[in-house]
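Worksheet: the structure to be examined is printed underneath.
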Amino acid sequence: MTKATPGTVRKNGAPIRSRRVPAFRNPKTELEAAIQRFVDLYDFAPIAYVSFDRAGRIEEANLVATELLGEPRDRLIGRPFAFYVGDLDLFLRHLLYCRTSQQQVETELELKPRKGERIPALLCSKPVTSTTRNGALLYQTAIIDVHERKRHEQQLAEQARLLDLSTDAIIVRDVKDRVIYWNKGATKIYGYTGQEATGKVILDLLKSEYPEPLPKIYEKLFRDNRWEGEIVHTRRDGRRLTVFSRWALDRDAQGNRAYVLETNNDITRRKEAEAALQKSKELLERRVRERTRELQAANKVLEDEIARRKGLEGEILEISDREQQRLGQELHDGLCQHLTAVAFMARSVALRLNNHRVIDAADIEKIADLVNEAASDTRDLSHALHRSDVDAAGLVGALQDLIEREIWKVPCRLEVKPSFHMEDNTAAAQLYRIAREAVINANKHAQAREIVVRLERSPRGMVLHITDDGIGFRSDSKLKGGLGIHIMKYRAQLIGGRLEIESPKRGGTCISCYFPDGALQSRKSKPGENGQSRLPAKIAKALAVLV
């Protein structure tokens with residue numbers, strides 16, 4: 001814009017004179033100078049000014065107003081201001097407020113320039129008395145272009161709309177920690193509307209529980225301009241939430257704290273899942289430890305069983321060697337002496353026959369007696385070693401034959417109650433072997449005066465008792481864990497029975513084998529019941545020799 005004389009506007013190079021106030025080229029009085037200064041200030045003010053009367057006709061307009069409305073001053077003056085307004089009803093309402101109020105009236109509306117787009121503007125009208133129209137009341141109006149403000153507000157509204165799309169809670173706090181912005185995500189998470197939250201101190205509103213003292217948090221925030229961590233908040237309905245919070249500090253031009261942008265993400269379900277996972281992990285670890293202890297205990301039992309079986313194998317081999325020595329000794333002392341005597345008698349008879357051609361019948365009879373005695377001893381020894389023909393029907397007879405043998409040092413007696421009944425051949429064979437083992441042990445170790453073998457029925461089924469009146473078992477006796485006891489228990493298990501060993505107070509030992517009567521008839525044959533041991537092959541071979 002070219003420089004113009006006060007009171008004129010140059011348009012296309014032609015000056016236009018205003019009708020409102022004459023310009024003084026050379027003001028002579030102070031009044032003229034004051035008027036000239038007013039005209040200059042009015043014309044060159046950075047804000048558009050117009051004055052209109054009670055009917056809304058324009059009486060005055062400055063240069064900025066002419067540029068804003070796109071009209072020269074001489075065309076503006078006298079024309080209704082409503083001609084340049086987009087919303088006529090809104091302007092008429094503004095004019096009515098001006099007539100009825102002595103205060104400044106403000107109205108936002110759109111201006112409609114002669115050319116160009118509509119302009120959002122703010123009308124600020126204040127009543128003044130005209131000095132050129134005999135004191136008529138005019139409304140001096142400042143026209144403020146709010147286009148930039150509207151655009152900024154629109155940008156803010158768009159940004160707020162985008163922030164409302166976030167599922168996180170986005171909160172802006174002022175220097176006193178009062179909420180000045182609260183998005184829809186915060187409403188969804190905490191249950192408070194933006195209107196309810198605005199102006200509230202967030203610490204009091206959400207009953208915040210911080211992971212460390214608040215002064216330390218602000219110390220880090222002021223130092224790094226950011227902070228993040230887990231906070232516990234309380235919703236409007238009282239439910240507690242765990243959120244992961246991020247704070248960003250905004251400073252003013254002087255570097256002081258202005259605002260804090262807080263973004264909160266609800267991690268309550270994740271924390272609950274983590275807690276449940278941790279609980280499951282601890283439970284699993286506890287079960288693993290328990291299972292490990294069980295396996296260690298089972299491994300210890302297995303190691304003990306292996307050690308026991310190794311010891312059992314050694315005992316079997318030792319007893320096998322000892323039995324072989326005993327058999328050799330009996331064969332040497334008994335059968336071999338008889339055969340030596342037979343051979344001596346036969347040689348003597350042969351010499352007499354060769355020398356005299358005469359033999360004595362008594363010598364032949366003596367040889368026959370020696371041979372028969374040797375055969376009898378061999379038969380007894382064989383019976384003592386093995387008897388495989390024991391069945392249910394012959395059990396009592398086999399036991400009777402067992403106790404009547406002359407090899408026993410201690411007298412034996414058999415008692416069979418009428419209630420006893422046996423039909424299972426396998427069980428009968430095992431009972432016979434248990435009784436034989438018990439009688440052998442009693443003869444060797446009991447130092448008894450009598451051994452009684454008794455068969456009867458008990459409330460728990462059939463039972464075999466082998467009782468002696470000897471010294472009995474001591475509590476620390478190793479005989480209870482000896483090979484003979486192990487073998488008897490094993491045989492009792494083969495027929496589904498149970499072996500018990502007692503040492504009554506009156507002295508002696510009672511070995512009892514209990515087995516169910518009804519189960520014996522329906523029990524199917526299992527591996528090992530026909531005398532086949534489930535022990536290792538070396539032990540089974542040794543048992544075959546012993547039985």
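By order of appearance in the structure tokens: chains A, B, ..., then residues from 1 within every chain, and ligands from 1 in the order shown.
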Pick out the residues sitting within 7 Å of Ala61 (chain A), and hand them over as number ranges by chain; count only C-alpha atoms, and ignore anything fewer than 4 positions along from it in its own chain. A: 49-51, 65-66, 73
Resulting file, chosen residues, N, CA and C atoms, as a short mmCIF file (atom, residue, chain, number, x, y, z; two decimals), in the first residue's frame:
data_model
loop_
_atom_site.label_atom_id
_atom_site.label_comp_id
_atom_site.auth_asym_id
_atom_site.auth_seq_id
_atom_site.Cartn_x
_atom_site.Cartn_y
_atom_site.Cartn_z
N TYR A 49 -11.58 -1.40 11.70
CA TYR A 49 -12.60 -0.73 12.50
C TYR A 49 -13.67 -0.19 11.57
N VAL A 50 -14.94 -0.37 11.97
CA VAL A 50 -16.08 0.28 11.31
C VAL A 50 -16.99 0.81 12.40
N SER A 51 -17.77 1.81 12.04
CA SER A 51 -18.81 2.33 12.95
C SER A 51 -20.11 2.34 12.20
N ALA A 65 -10.17 -2.10 7.29
CA ALA A 65 -11.54 -2.57 7.03
C ALA A 65 -11.82 -2.60 5.54
N THR A 66 -11.35 -1.57 4.80
CA THR A 66 -11.59 -1.57 3.36
C THR A 66 -10.89 -2.74 2.68
N ARG A 73 -13.53 3.06 0.58
CA ARG A 73 -14.22 3.69 1.70
C ARG A 73 -15.48 4.40 1.26
#
TODO: Extract the full set of strand (DSSP E) residues from region 164-325 of chain A according to DSSP on the backbone, and format it as number ranges by chain.
DONE: A: 169-173, 179-182, 226-234, 240-251, 257-266
List as a PyMOL selection string the protein and nucleic acid residues near region 232-245 of chain A, meaning an atom at most 6 Å away when only C-alpha atoms are counted, but skip any in the same chain fewer than 3 places from it. chain A and resi 190-191+206-209+228-229+263-268
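The interatomic distance for the pair CA of Ile501 (chain A) and CA of Cys412 (chain A) works out to 18.9 Å.
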Exercise. Apply DSSP to the structure's backbone, then extract all residues of region 142-339 of chain A labelled alpha helix (DSSP H) and return them as an NGL selection string.
Key: :A and (147-164 or 184-190 or 194-197 or 202-206 or 214-224 or 268-330 or 336-339)
